[in-house]
Structure formats: C-alpha cells, structure tokens
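So the structure is just underneath, and the comments pick up after that.
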Amino acid sequence: MNRIKPITKLAGLCLLLLGAFTVANAADAATWRYAHEENQGDVQDVYAQFFKKHIEQNSDHTLQIYRFGELGESDDIMEQAKVGILNFVNQSPGFTGAQIPEAQIFFIPYLMPTDMDKVVTFFRNSTAINEDFPKLYADNGLELLSMYPEGEMVITIDEAFTSPKGLKGKKMRVMTNPLLSETYSAFGAIPAPLPTGEVYGALQTNIINGQENPIFWIESEQLYEVSPNLVYTSHGWFTTAAMANKRFYDKLPNEDQKLIHNAADYAFENVIIHIAGLEEKALERIQERNGKVTVTRLDSAQIKAFKARSGQVEEKFIAMTGDSGKELLRQFKKDLSEVQNQH
Ligand code: 6CS
C-alpha cells in the first residue's frame with residue numbers, strides 16, 4: 001500500500017529532472033521514463049515490467065519505472081508525460097476521461113460483458129479500441145500503446161446492499177471523470193470524486209461510505225480493512241491504458257517506434273495471462289486475513305434493477321461527447337456483439 005507522502009513525491013521529481021538531464025546527453029542508448037498508477041506487483045506494474053523487459057532485451061535503451069506515489073497522483077503523472085519529462089504513462093480512463101470525454105465510455109454500466117474470455121477477445125479485436133481510441137489519444141498529444149482490462153469492478157461499502165434502495169444516500173468514491181458520477185447518481189448514491197491516495201483515509205474516517213475497484217486493488221490498498229462488505233454488481237470492468245508522449249514518439253526512428261509497439265504487444269499478452277484467476281486468489285487471501293469481510297453476489301433479478309438505470313448514463317455520455325461519442329458507442333456495441341457471436 002502506498003499513500004502519497006509529499007516528500008516522496010518531491011524526491012521522485014528531483015530524480016526525474018536529473019534523469020532528464022542525463023538522457024539529453026546520451027546519444028543512441030537512451031533511458032526512457034515510465035510511470036504508472038499502481039503498487040509493486042499489481043497489474044499495471046506487471047505490464048510495465050514486461051514492457052521494460054522487451055525494450056531492454058531488444059535494444060540498448062533502458063526503462064526507468066516509477067510506481068504509484070513516487071511522482072504523485074494519476075493526474076500528476078499524466079501532466080509530467082504531457083510536458084515530456086516522462087516518456088510513457090499508464091493512466092486509466094477513470095482519470096483520462098476528464099480530458100478525453102470519449103474515454104468515459106467504459107463507465108456506462110453493463111456495457112461490457114462480465115465473462116473474462118469475452119472481455120479479452122473484445123480488447124484484442126475491437127475496432128473501437130484498436131483504431132478509434134488511438135486517434136482520440138493522438139489528438140491529445142498521446143501515442144496509445146495498449147488498452148487492457150485489469151479486473152471486474154466490485155463495490156465495497158459499510159453496509160451490503162442488493163438494490164438501488166440500499167445505495168440511497170451512500171457517499172461513494174468515484175474516479176474523477178464526470179460520467180462515473182452520473183453512474184452512481186443513477187444507482188441512487190451520492191458520488192464523491194477523489195484521487196486514489198485519499199480513498200483509504202476517506203473510508204476510515206467515514207467521509208465516504210464506499211467505493212468500487214477490482215479485488216486485486218482492494219487487497220493491494222487494504223481497502224477491505226475499512227470497507228469490508230464486498231458487493232458484486234456485474235456492472236463493469238476496470239480498464240486501463242499505456243501510452244507515450246506523442247512528440248517524443250514521433251521524433252524516434254522507425255525501429256524504435258516498432259520496438260515500442262512490439263513491447264506493448266508483448267506486455268499486453270503477458271498481462272492477460274497475469275489477470276487470469278487473479279481476482280479469485282485475491283478474494284481468498286482477503287477473506288483469510290479479515291473475518292469481517294462479507295461477499296454479496298447480486299442475482300439476475302437484482303442486477304436488472306441496476307441495469308434499468310444504465311440507459312440514462314448512456315444518454316449522458318452522448319450529451320457529453322456529441323457525434324464523436326455517438327459514433328464510438330455505435331462501433332463499441334458492434335464490436336461487442338461480434339464478441340458475443342464468437343463465444
Ligand atoms: O481506484 C483507483 O484510483 C485505482 N484503481 C486501480 C485498480 N488502479 C489504479 C487506480 O488509479
């Protein structure tokens with residue numbers, strides 16, 4: 001677990017600037033800097049380590065990885081990547097959605113399948129993911145390398161619930177994109193947008209009543225200690241994205257650009273292997289460690305009541321994104337129906 005300390009962030013930034021100076025003096029063999037949003041051994045860290053392995057085994061370049069908290073919050077590392085002091089950043093649409101509204105599509109509840117095989121097939125084959133999103137990110141100065149799933153979203157809360165009524169008046173932490181707030185309002189709750197580092201403390205002090213995340217993160221950040229009732233609502237998957245600063249990427253020789261995309265493909269394949277079974281194992285460990293943890297899995301009739309509220313979120317998504325979002329949603333749904341037909 002890593003709750004951000006300002007002094008750690010400052011030290012990290014000093015190292016980063018020193019590193020940038022060193023890189024500027026290097027000729028061919030460069031040191032590239034990559035930051036992500038998670039702790040050691042978590043899904044984004046696994047992706048980053050495989051990305052690094054491929055780069056370093058296939059070139060003279062080295063990759064310096066910065067984990068959650070070392071350089072600040074998610075929005076801090078994105079800012080550092082956009083100005084070019086970081087070459088690569090892994091940021092989830094949960095945060096990127098605030099600057100690229102179309103990335104909020106992942107927060108329309110019940111759009112994604114719950115079955116992992118279908119989710120993975122979707123990410124591999126989807127035109128929306130592999131052709132449309134790279135253009136949207138490029139328009140924002142980012143070369144998109146991979147979009148990949150991390151795990152099913154599970155709600156943790158102070159009192160278990162089985163209907164929207166049970167969420168009434170509950171303050172639920174959401175990542176800081178406006179559409180996710182709409183989802184929780186539609187579910188009957190009061191959305192509370194917060195950066196990652198503030199979630200544990202807000203739960204501990206009852207400033208919020210609950211939050212959502214994949215189980216591996218609930219374990220990694222020990223959120224189950226302060227939010228022990230787990231509710232499976234089947235409303236979505238946590239998606240994330242790895243990208244490069246586009247100015248940096250565009251100036252690279254073709255062979256380095258190819259190397260980077262090959263490294264991303266290699267990391268994607270390995271992260272998919274990593275997430276298989278991850279959530280089940282994390283849940284077992286959580287239950288062993290804390291006897292207070294409860295698990296509620298909504299049945300199909302209970303899910304129906306939440307699903308009935310997804311239409312209004314979809315409408316908000318279109319209102320927020322206009323024709324571009326409408327077209328993305330059409331393609332997204334087409335890609336998803338192809339996945340359903342294949343399985
Ligand atoms: O909820 C969050 O803020 C964090 N959750 C995960 C799974 N990864 C990092 C992210 O920022």
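Chain lettering (A, B, ...) mirrors the order of the structure tokens, residue numbering begins at 1 for each chain separately, and ligand numbering begins at 1 in order of display.
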
I want to know what sits within 6 Å of segment 140-154 of chain A, based on only C-alpha atoms, with residues of the same chain fewer than 2 positions away left out; could you give that as a list of chain:residue names?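 Within the cut-off, the hits are A:Pro134, A:Tyr137, A:Ala138, A:Glu212, A:Asn213, A:Pro214, A:Val231, A:Tyr232, A:Gly236, A:Trp237, A:Phe238, A:Thr239, A:Thr240, A:Ala241, A:Ala242, A:Met243, A:Ala244, A:Asn245, A:Lys246, A:Ala264.
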
Proximity check chain A to ligand 1, 10 Å, nearest pairs one decimal Å, only C-alpha atoms and all ligand atoms, as JSON lines:
```
{"residue": "A:His36", "atom": "CA", "partner": "ligand 1", "partner_atom_place_in_ligand_line": "9 (C)", "distance": 8.2}
{"residue": "A:Glu37", "atom": "CA", "partner": "ligand 1", "partner_atom_place_in_ligand_line": "9 (C)", "distance": 4.8}
{"residue": "A:Glu38", "atom": "CA", "partner": "ligand 1", "partner_atom_place_in_ligand_line": "9 (C)", "distance": 5.2}
{"residue": "A:Asn39", "atom": "CA", "partner": "ligand 1", "partner_atom_place_in_ligand_line": "9 (C)", "distance": 8.5}
{"residue": "A:Asp42", "atom": "CA", "partner": "ligand 1", "partner_atom_place_in_ligand_line": "8 (N)", "distance": 8.4}
{"residue": "A:Val43", "atom": "CA", "partner": "ligand 1", "partner_atom_place_in_ligand_line": "7 (C)", "distance": 8.1}
{"residue": "A:Gln44", "atom": "CA", "partner": "ligand 1", "partner_atom_place_in_ligand_line": "8 (N)", "distance": 7.6}
{"residue": "A:Phe68", "atom": "CA", "partner": "ligand 1", "partner_atom_place_in_ligand_line": "9 (C)", "distance": 8.0}
{"residue": "A:Glu73", "atom": "CA", "partner": "ligand 1", "partner_atom_place_in_ligand_line": "11 (O)", "distance": 8.2}
{"residue": "A:Ser74", "atom": "CA", "partner": "ligand 1", "partner_atom_place_in_ligand_line": "11 (O)", "distance": 6.4}
{"residue": "A:Asp75", "atom": "CA", "partner": "ligand 1", "partner_atom_place_in_ligand_line": "11 (O)", "distance": 9.6}
{"residue": "A:Asn90", "atom": "CA", "partner": "ligand 1", "partner_atom_place_in_ligand_line": "9 (C)", "distance": 9.4}
{"residue": "A:Gln91", "atom": "CA", "partner": "ligand 1", "partner_atom_place_in_ligand_line": "11 (O)", "distance": 7.5}
{"residue": "A:Ser92", "atom": "CA", "partner": "ligand 1", "partner_atom_place_in_ligand_line": "11 (O)", "distance": 6.6}
{"residue": "A:Pro93", "atom": "CA", "partner": "ligand 1", "partner_atom_place_in_ligand_line": "11 (O)", "distance": 9.4}
{"residue": "A:Gly94", "atom": "CA", "partner": "ligand 1", "partner_atom_place_in_ligand_line": "11 (O)", "distance": 7.5}
{"residue": "A:Phe95", "atom": "CA", "partner": "ligand 1", "partner_atom_place_in_ligand_line": "11 (O)", "distance": 7.6}
{"residue": "A:Pro149", "atom": "CA", "partner": "ligand 1", "partner_atom_place_in_ligand_line": "7 (C)", "distance": 9.9}
{"residue": "A:Glu150", "atom": "CA", "partner": "ligand 1", "partner_atom_place_in_ligand_line": "7 (C)", "distance": 7.0}
{"residue": "A:Gly151", "atom": "CA", "partner": "ligand 1", "partner_atom_place_in_ligand_line": "7 (C)", "distance": 7.9}
{"residue": "A:Glu152", "atom": "CA", "partner": "ligand 1", "partner_atom_place_in_ligand_line": "7 (C)", "distance": 9.7}
{"residue": "A:Met153", "atom": "CA", "partner": "ligand 1", "partner_atom_place_in_ligand_line": "7 (C)", "distance": 8.8}
{"residue": "A:Arg173", "atom": "CA", "partner": "ligand 1", "partner_atom_place_in_ligand_line": "1 (O)", "distance": 8.7}
{"residue": "A:Val174", "atom": "CA", "partner": "ligand 1", "partner_atom_place_in_ligand_line": "1 (O)", "distance": 7.5}
{"residue": "A:Met175", "atom": "CA", "partner": "ligand 1", "partner_atom_place_in_ligand_line": "3 (O)", "distance": 5.8}
{"residue": "A:Thr176", "atom": "CA", "partner": "ligand 1", "partner_atom_place_in_ligand_line": "3 (O)", "distance": 8.7}
{"residue": "A:Pro193", "atom": "CA", "partner": "ligand 1", "partner_atom_place_in_ligand_line": "3 (O)", "distance": 9.8}
{"residue": "A:Leu194", "atom": "CA", "partner": "ligand 1", "partner_atom_place_in_ligand_line": "3 (O)", "distance": 7.9}
{"residue": "A:Pro195", "atom": "CA", "partner": "ligand 1", "partner_atom_place_in_ligand_line": "3 (O)", "distance": 6.0}
{"residue": "A:Thr196", "atom": "CA", "partner": "ligand 1", "partner_atom_place_in_ligand_line": "3 (O)", "distance": 3.8}
{"residue": "A:Gly197", "atom": "CA", "partner": "ligand 1", "partner_atom_place_in_ligand_line": "3 (O)", "distance": 7.5}
{"residue": "A:Glu198", "atom": "CA", "partner": "ligand 1", "partner_atom_place_in_ligand_line": "3 (O)", "distance": 9.0}
{"residue": "A:Val199", "atom": "CA", "partner": "ligand 1", "partner_atom_place_in_ligand_line": "3 (O)", "distance": 7.8}
{"residue": "A:Gln211", "atom": "CA", "partner": "ligand 1", "partner_atom_place_in_ligand_line": "1 (O)", "distance": 8.1}
{"residue": "A:Glu212", "atom": "CA", "partner": "ligand 1", "partner_atom_place_in_ligand_line": "1 (O)", "distance": 7.1}
{"residue": "A:Asn213", "atom": "CA", "partner": "ligand 1", "partner_atom_place_in_ligand_line": "7 (C)", "distance": 5.7}
{"residue": "A:Pro214", "atom": "CA", "partner": "ligand 1", "partner_atom_place_in_ligand_line": "7 (C)", "distance": 5.8}
{"residue": "A:Ile215", "atom": "CA", "partner": "ligand 1", "partner_atom_place_in_ligand_line": "7 (C)", "distance": 8.3}
{"residue": "A:Phe216", "atom": "CA", "partner": "ligand 1", "partner_atom_place_in_ligand_line": "7 (C)", "distance": 7.5}
{"residue": "A:Trp217", "atom": "CA", "partner": "ligand 1", "partner_atom_place_in_ligand_line": "7 (C)", "distance": 5.1}
{"residue": "A:Ile218", "atom": "CA", "partner": "ligand 1", "partner_atom_place_in_ligand_line": "7 (C)", "distance": 8.0}
{"residue": "A:Ser220", "atom": "CA", "partner": "ligand 1", "partner_atom_place_in_ligand_line": "7 (C)", "distance": 9.2}
{"residue": "A:Glu221", "atom": "CA", "partner": "ligand 1", "partner_atom_place_in_ligand_line": "5 (N)", "distance": 9.1}
{"residue": "A:Trp237", "atom": "CA", "partner": "ligand 1", "partner_atom_place_in_ligand_line": "7 (C)", "distance": 9.9}
{"residue": "A:Phe238", "atom": "CA", "partner": "ligand 1", "partner_atom_place_in_ligand_line": "7 (C)", "distance": 6.6}
{"residue": "A:Thr239", "atom": "CA", "partner": "ligand 1", "partner_atom_place_in_ligand_line": "7 (C)", "distance": 8.4}
{"residue": "A:Thr240", "atom": "CA", "partner": "ligand 1", "partner_atom_place_in_ligand_line": "8 (N)", "distance": 8.1}
```

Could you write out the selected residues, including N, CA and C atoms, as a short mmCIF file (atom, residue, chain, number, x, y, z; two decimals), in the first residue's frame?
```cif
data_model
loop_
_atom_site.label_atom_id
_atom_site.label_comp_id
_atom_site.auth_asym_id
_atom_site.auth_seq_id
_atom_site.Cartn_x
_atom_site.Cartn_y
_atom_site.Cartn_z
N HIS A 36 3.37 4.62 -13.72
CA HIS A 36 2.02 4.04 -13.70
C HIS A 36 1.35 4.33 -12.37
N GLU A 37 0.12 3.81 -12.20
CA GLU A 37 -0.75 4.22 -11.08
C GLU A 37 -0.84 3.20 -9.95
N GLU A 38 -0.01 2.15 -9.99
CA GLU A 38 -0.24 1.07 -9.01
C GLU A 38 1.03 0.69 -8.24
N ASN A 39 0.84 -0.28 -7.31
CA ASN A 39 1.93 -0.70 -6.43
C ASN A 39 2.73 -1.85 -7.06
N ASP A 42 1.33 -5.20 -8.85
CA ASP A 42 -0.05 -5.03 -9.31
C ASP A 42 -0.09 -5.08 -10.85
N VAL A 43 -1.30 -5.10 -11.38
CA VAL A 43 -1.47 -5.35 -12.82
C VAL A 43 -0.68 -4.35 -13.69
N GLN A 44 -0.79 -3.07 -13.37
CA GLN A 44 -0.06 -2.08 -14.19
C GLN A 44 1.45 -2.23 -14.05
N PHE A 68 3.10 3.98 -8.28
CA PHE A 68 2.13 4.88 -7.65
C PHE A 68 2.75 5.61 -6.45
N GLU A 73 0.03 11.74 -7.87
CA GLU A 73 -1.22 11.06 -8.21
C GLU A 73 -1.29 10.80 -9.72
N SER A 74 -2.36 10.15 -10.14
CA SER A 74 -2.55 9.85 -11.55
C SER A 74 -2.51 11.11 -12.43
N ASP A 75 -3.17 12.17 -11.98
CA ASP A 75 -3.18 13.40 -12.79
C ASP A 75 -1.78 14.03 -12.87
N ASN A 90 1.04 5.22 -17.78
CA ASN A 90 -0.13 4.35 -17.78
C ASN A 90 -1.19 5.06 -16.94
N GLN A 91 -2.26 5.50 -17.62
CA GLN A 91 -3.34 6.15 -16.89
C GLN A 91 -4.67 5.53 -17.31
N SER A 92 -5.53 5.30 -16.32
CA SER A 92 -6.82 4.65 -16.58
C SER A 92 -7.82 5.68 -17.10
N PRO A 93 -8.75 5.22 -17.97
CA PRO A 93 -9.81 6.13 -18.45
C PRO A 93 -10.60 6.77 -17.30
N GLY A 94 -10.59 6.14 -16.15
CA GLY A 94 -11.25 6.72 -14.98
C GLY A 94 -10.76 8.13 -14.70
N PHE A 95 -9.50 8.40 -15.05
CA PHE A 95 -8.92 9.74 -14.90
C PHE A 95 -8.82 10.44 -16.26
N PRO A 149 -7.74 -4.76 -19.91
CA PRO A 149 -8.59 -4.89 -18.73
C PRO A 149 -7.77 -5.32 -17.52
N GLU A 150 -8.20 -4.88 -16.32
CA GLU A 150 -7.47 -5.26 -15.10
C GLU A 150 -8.27 -6.23 -14.23
N GLY A 151 -9.59 -6.06 -14.19
CA GLY A 151 -10.41 -6.94 -13.33
C GLY A 151 -11.82 -6.39 -13.24
N GLU A 152 -12.72 -7.25 -12.80
CA GLU A 152 -14.13 -6.84 -12.68
C GLU A 152 -14.28 -5.85 -11.53
N MET A 153 -15.13 -4.85 -11.74
CA MET A 153 -15.39 -3.87 -10.68
C MET A 153 -16.25 -4.49 -9.58
N ARG A 173 -17.09 6.85 -3.36
CA ARG A 173 -15.94 7.43 -4.06
C ARG A 173 -15.93 6.95 -5.52
N VAL A 174 -15.69 7.91 -6.41
CA VAL A 174 -15.51 7.57 -7.82
C VAL A 174 -14.21 8.21 -8.31
N MET A 175 -13.64 7.61 -9.36
CA MET A 175 -12.51 8.27 -10.01
C MET A 175 -13.04 9.57 -10.63
N THR A 176 -12.11 10.44 -11.04
CA THR A 176 -12.52 11.83 -11.27
C THR A 176 -12.97 12.14 -12.70
N PRO A 193 -16.06 12.24 -6.08
CA PRO A 193 -14.81 12.06 -6.84
C PRO A 193 -13.59 12.33 -5.96
N LEU A 194 -12.65 11.39 -5.95
CA LEU A 194 -11.44 11.54 -5.13
C LEU A 194 -10.26 10.92 -5.85
N PRO A 195 -9.06 11.49 -5.68
CA PRO A 195 -7.87 10.81 -6.23
C PRO A 195 -7.57 9.53 -5.42
N THR A 196 -6.78 8.68 -6.00
CA THR A 196 -6.51 7.35 -5.43
C THR A 196 -5.98 7.41 -3.99
N GLY A 197 -5.02 8.28 -3.76
CA GLY A 197 -4.33 8.29 -2.47
C GLY A 197 -5.21 8.70 -1.30
N GLU A 198 -6.40 9.22 -1.59
CA GLU A 198 -7.27 9.67 -0.49
C GLU A 198 -8.36 8.67 -0.12
N VAL A 199 -8.41 7.55 -0.84
CA VAL A 199 -9.56 6.65 -0.66
C VAL A 199 -9.53 5.95 0.70
N GLN A 211 -16.76 2.48 -2.20
CA GLN A 211 -16.02 2.76 -3.45
C GLN A 211 -16.08 1.52 -4.32
N GLU A 212 -15.56 1.63 -5.55
CA GLU A 212 -15.51 0.46 -6.43
C GLU A 212 -14.10 0.25 -6.94
N ASN A 213 -13.72 -1.02 -7.12
CA ASN A 213 -12.40 -1.35 -7.66
C ASN A 213 -12.31 -2.85 -7.91
N PRO A 214 -11.34 -3.30 -8.72
CA PRO A 214 -11.12 -4.75 -8.82
C PRO A 214 -10.56 -5.29 -7.50
N ILE A 215 -10.78 -6.59 -7.26
CA ILE A 215 -10.38 -7.17 -5.96
C ILE A 215 -8.87 -7.05 -5.70
N PHE A 216 -8.05 -7.20 -6.78
CA PHE A 216 -6.61 -7.16 -6.51
C PHE A 216 -6.21 -5.81 -5.90
N TRP A 217 -6.92 -4.74 -6.30
CA TRP A 217 -6.59 -3.41 -5.79
C TRP A 217 -7.15 -3.23 -4.38
N ILE A 218 -8.30 -3.85 -4.13
CA ILE A 218 -8.90 -3.80 -2.79
C ILE A 218 -7.94 -4.49 -1.81
N SER A 220 -4.49 -4.86 -2.53
CA SER A 220 -3.22 -4.12 -2.57
C SER A 220 -3.25 -2.88 -1.68
N GLU A 221 -4.37 -2.16 -1.70
CA GLU A 221 -4.50 -0.94 -0.90
C GLU A 221 -5.15 -1.21 0.47
N TRP A 237 -15.92 -3.51 -16.00
CA TRP A 237 -14.54 -3.92 -15.79
C TRP A 237 -13.65 -2.69 -15.67
N PHE A 238 -12.63 -2.81 -14.84
CA PHE A 238 -11.64 -1.73 -14.75
C PHE A 238 -10.72 -1.85 -15.97
N THR A 239 -10.68 -0.77 -16.73
CA THR A 239 -9.85 -0.73 -17.94
C THR A 239 -8.74 0.29 -17.74
N THR A 240 -7.59 0.02 -18.34
CA THR A 240 -6.52 1.00 -18.25
C THR A 240 -5.81 1.15 -19.59
#
```

Please indicate the distance in Å from atom CA of Val226 of chain A to atom CA of Thr294 of chain A, rounded to one decimal place.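 Distance between the two atoms: 12.5 Å.
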
Measuring between only C-alpha atoms, which one of A:Thr114, A:Gln342, A:Gln104, A:Ser227 shows the shortest distance to Ile157 of chain A? A:Ser227

Residues at most 7 Å from Phe51 of chain A, counting only C-alpha atoms, excluding those fewer than 4 positions away in the same chain, as JSON, numbers by chain? {"A": [47, 55, 263, 264, 266, 267]}

Suppose you want the space between atom CA of Gln222 of chain A and atom CA of Asp158 of chain A; what is it in Å?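 Spanning atom CA of Gln222 of chain A to atom CA of Asp158 of chain A is a straight-line distance of 14.8 Å.
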
Run DSSP on the backbone and give me the residues of segment 118-253 of chain A it puts in alpha helix (DSSP H), as a PyMOL selection string. chain A and resi 118-125+127+133-138+164-167+178-186+199-204+215-220+246-251

Measuring between only C-alpha atoms, which one of A:Gly72, A:Ser185, A:Leu329, A:Phe268 shows the shortest distance to Phe306 of chain A? A:Ser185

Among listed residues A:Glu131, A:Glu327, A:Glu284, A:Glu159, nearest Gly210 of chain A (using only C-alpha atoms):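 For Gly210 of chain A, the nearest of the candidates is A:Glu159.
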
Using only C-alpha atoms, which of A:Lys118, A:Pro253, A:Glu315, A:Tyr224 sits nearest Arg285 of chain A? A:Tyr224

For Phe332 of chain A, list every protein, DNA or RNA residue within 10 Å, evaluated using only C-alpha atoms, and leave out those in the same chain fewer than 6 positions away; present the list as a ChimeraX atom specification. /A:105,111-112,122,126-129,132,326,338

Would you output that residue set with all heavy atoms, as a PDB file, in the first residue's frame?
```
ATOM      1  N   ILE A 105     -16.492   6.066 -21.937  1.00  0.00           N
ATOM      2  CA  ILE A 105     -17.401   5.010 -22.415  1.00  0.00           C
ATOM      3  C   ILE A 105     -17.349   3.779 -21.505  1.00  0.00           C
ATOM      4  O   ILE A 105     -18.343   3.065 -21.356  1.00  0.00           O
ATOM      5  CB  ILE A 105     -17.065   4.642 -23.893  1.00  0.00           C
ATOM      6  CG1 ILE A 105     -18.243   3.923 -24.542  1.00  0.00           C
ATOM      7  CG2 ILE A 105     -15.790   3.852 -24.019  1.00  0.00           C
ATOM      8  CD1 ILE A 105     -18.149   3.848 -26.068  1.00  0.00           C
ATOM      9  N   LEU A 111     -22.326  -2.243 -20.041  1.00  0.00           N
ATOM     10  CA  LEU A 111     -21.991  -2.253 -21.466  1.00  0.00           C
ATOM     11  C   LEU A 111     -21.050  -3.424 -21.761  1.00  0.00           C
ATOM     12  O   LEU A 111     -21.208  -4.124 -22.755  1.00  0.00           O
ATOM     13  CB  LEU A 111     -21.339  -0.904 -21.832  1.00  0.00           C
ATOM     14  CG  LEU A 111     -21.111  -0.605 -23.307  1.00  0.00           C
ATOM     15  CD1 LEU A 111     -22.421  -0.652 -24.087  1.00  0.00           C
ATOM     16  CD2 LEU A 111     -20.472   0.780 -23.475  1.00  0.00           C
ATOM     17  N   MET A 112     -20.082  -3.627 -20.878  1.00  0.00           N
ATOM     18  CA  MET A 112     -19.080  -4.682 -21.075  1.00  0.00           C
ATOM     19  C   MET A 112     -19.619  -6.024 -20.590  1.00  0.00           C
ATOM     20  O   MET A 112     -20.387  -6.074 -19.627  1.00  0.00           O
ATOM     21  CB  MET A 112     -17.827  -4.374 -20.234  1.00  0.00           C
ATOM     22  CG  MET A 112     -17.101  -3.117 -20.631  1.00  0.00           C
ATOM     23  SD  MET A 112     -16.182  -3.320 -22.156  1.00  0.00           S
ATOM     24  CE  MET A 112     -14.823  -4.313 -21.593  1.00  0.00           C
ATOM     25  N   PHE A 122     -12.700  -8.985 -26.753  1.00  0.00           N
ATOM     26  CA  PHE A 122     -13.103  -7.627 -27.130  1.00  0.00           C
ATOM     27  C   PHE A 122     -11.879  -6.714 -27.242  1.00  0.00           C
ATOM     28  O   PHE A 122     -11.696  -6.020 -28.250  1.00  0.00           O
ATOM     29  CB  PHE A 122     -14.114  -7.076 -26.115  1.00  0.00           C
ATOM     30  CG  PHE A 122     -14.437  -5.625 -26.312  1.00  0.00           C
ATOM     31  CD1 PHE A 122     -15.178  -5.202 -27.415  1.00  0.00           C
ATOM     32  CD2 PHE A 122     -13.979  -4.662 -25.421  1.00  0.00           C
ATOM     33  CE1 PHE A 122     -15.465  -3.855 -27.613  1.00  0.00           C
ATOM     34  CE2 PHE A 122     -14.257  -3.325 -25.605  1.00  0.00           C
ATOM     35  CZ  PHE A 122     -15.000  -2.909 -26.707  1.00  0.00           C
ATOM     36  N   SER A 126     -11.424  -5.445 -31.009  1.00  0.00           N
ATOM     37  CA  SER A 126     -12.327  -4.300 -31.194  1.00  0.00           C
ATOM     38  C   SER A 126     -11.734  -3.187 -32.073  1.00  0.00           C
ATOM     39  O   SER A 126     -10.612  -2.705 -31.844  1.00  0.00           O
ATOM     40  CB  SER A 126     -12.672  -3.736 -29.811  1.00  0.00           C
ATOM     41  OG  SER A 126     -13.165  -2.437 -29.929  1.00  0.00           O
ATOM     42  N   THR A 127     -12.508  -2.763 -33.048  1.00  0.00           N
ATOM     43  CA  THR A 127     -12.108  -1.623 -33.889  1.00  0.00           C
ATOM     44  C   THR A 127     -12.105  -0.343 -33.046  1.00  0.00           C
ATOM     45  O   THR A 127     -11.231   0.510 -33.189  1.00  0.00           O
ATOM     46  CB  THR A 127     -13.117  -1.475 -35.064  1.00  0.00           C
ATOM     47  OG1 THR A 127     -13.105  -2.707 -35.790  1.00  0.00           O
ATOM     48  CG2 THR A 127     -12.755  -0.339 -35.989  1.00  0.00           C
ATOM     49  N   ALA A 128     -13.101  -0.218 -32.179  1.00  0.00           N
ATOM     50  CA  ALA A 128     -13.168   0.979 -31.321  1.00  0.00           C
ATOM     51  C   ALA A 128     -11.883   1.099 -30.492  1.00  0.00           C
ATOM     52  O   ALA A 128     -11.293   2.180 -30.400  1.00  0.00           O
ATOM     53  CB  ALA A 128     -14.389   0.894 -30.405  1.00  0.00           C
ATOM     54  N   ILE A 129     -11.448  -0.020 -29.905  1.00  0.00           N
ATOM     55  CA  ILE A 129     -10.251   0.014 -29.056  1.00  0.00           C
ATOM     56  C   ILE A 129      -8.983   0.214 -29.890  1.00  0.00           C
ATOM     57  O   ILE A 129      -8.131   1.029 -29.544  1.00  0.00           O
ATOM     58  CB  ILE A 129     -10.125  -1.317 -28.253  1.00  0.00           C
ATOM     59  CG1 ILE A 129     -11.310  -1.505 -27.298  1.00  0.00           C
ATOM     60  CG2 ILE A 129      -8.780  -1.413 -27.528  1.00  0.00           C
ATOM     61  CD1 ILE A 129     -11.354  -0.585 -26.110  1.00  0.00           C
ATOM     62  N   ASP A 132     -10.119   3.420 -33.233  1.00  0.00           N
ATOM     63  CA  ASP A 132     -10.732   4.719 -32.902  1.00  0.00           C
ATOM     64  C   ASP A 132     -10.035   5.402 -31.718  1.00  0.00           C
ATOM     65  O   ASP A 132      -9.748   6.603 -31.773  1.00  0.00           O
ATOM     66  CB  ASP A 132     -12.227   4.537 -32.587  1.00  0.00           C
ATOM     67  CG  ASP A 132     -12.990   4.004 -33.790  1.00  0.00           C
ATOM     68  OD1 ASP A 132     -12.466   4.128 -34.916  1.00  0.00           O
ATOM     69  OD2 ASP A 132     -14.091   3.459 -33.618  1.00  0.00           O
ATOM     70  N   LYS A 326     -21.100   9.355 -30.021  1.00  0.00           N
ATOM     71  CA  LYS A 326     -22.204   8.553 -30.568  1.00  0.00           C
ATOM     72  C   LYS A 326     -21.646   7.499 -31.527  1.00  0.00           C
ATOM     73  O   LYS A 326     -22.025   6.330 -31.482  1.00  0.00           O
ATOM     74  CB  LYS A 326     -23.151   9.498 -31.325  1.00  0.00           C
ATOM     75  CG  LYS A 326     -24.567   9.048 -31.360  1.00  0.00           C
ATOM     76  CD  LYS A 326     -25.368  10.183 -31.991  1.00  0.00           C
ATOM     77  CE  LYS A 326     -26.831   9.871 -32.002  1.00  0.00           C
ATOM     78  NZ  LYS A 326     -27.604  10.980 -32.523  1.00  0.00           N
ATOM     79  N   GLU A 338     -20.099  -8.683 -31.928  1.00  0.00           N
ATOM     80  CA  GLU A 338     -19.263  -9.682 -32.627  1.00  0.00           C
ATOM     81  C   GLU A 338     -18.620 -10.636 -31.629  1.00  0.00           C
ATOM     82  O   GLU A 338     -18.513 -11.838 -31.879  1.00  0.00           O
ATOM     83  CB  GLU A 338     -18.207  -8.988 -33.482  1.00  0.00           C
ATOM     84  CG  GLU A 338     -18.802  -8.541 -34.809  1.00  0.00           C
ATOM     85  CD  GLU A 338     -17.953  -7.537 -35.577  1.00  0.00           C
ATOM     86  OE1 GLU A 338     -16.744  -7.438 -35.317  1.00  0.00           O
ATOM     87  OE2 GLU A 338     -18.541  -6.838 -36.451  1.00  0.00           O
TER      88      GLU A 338
END
```
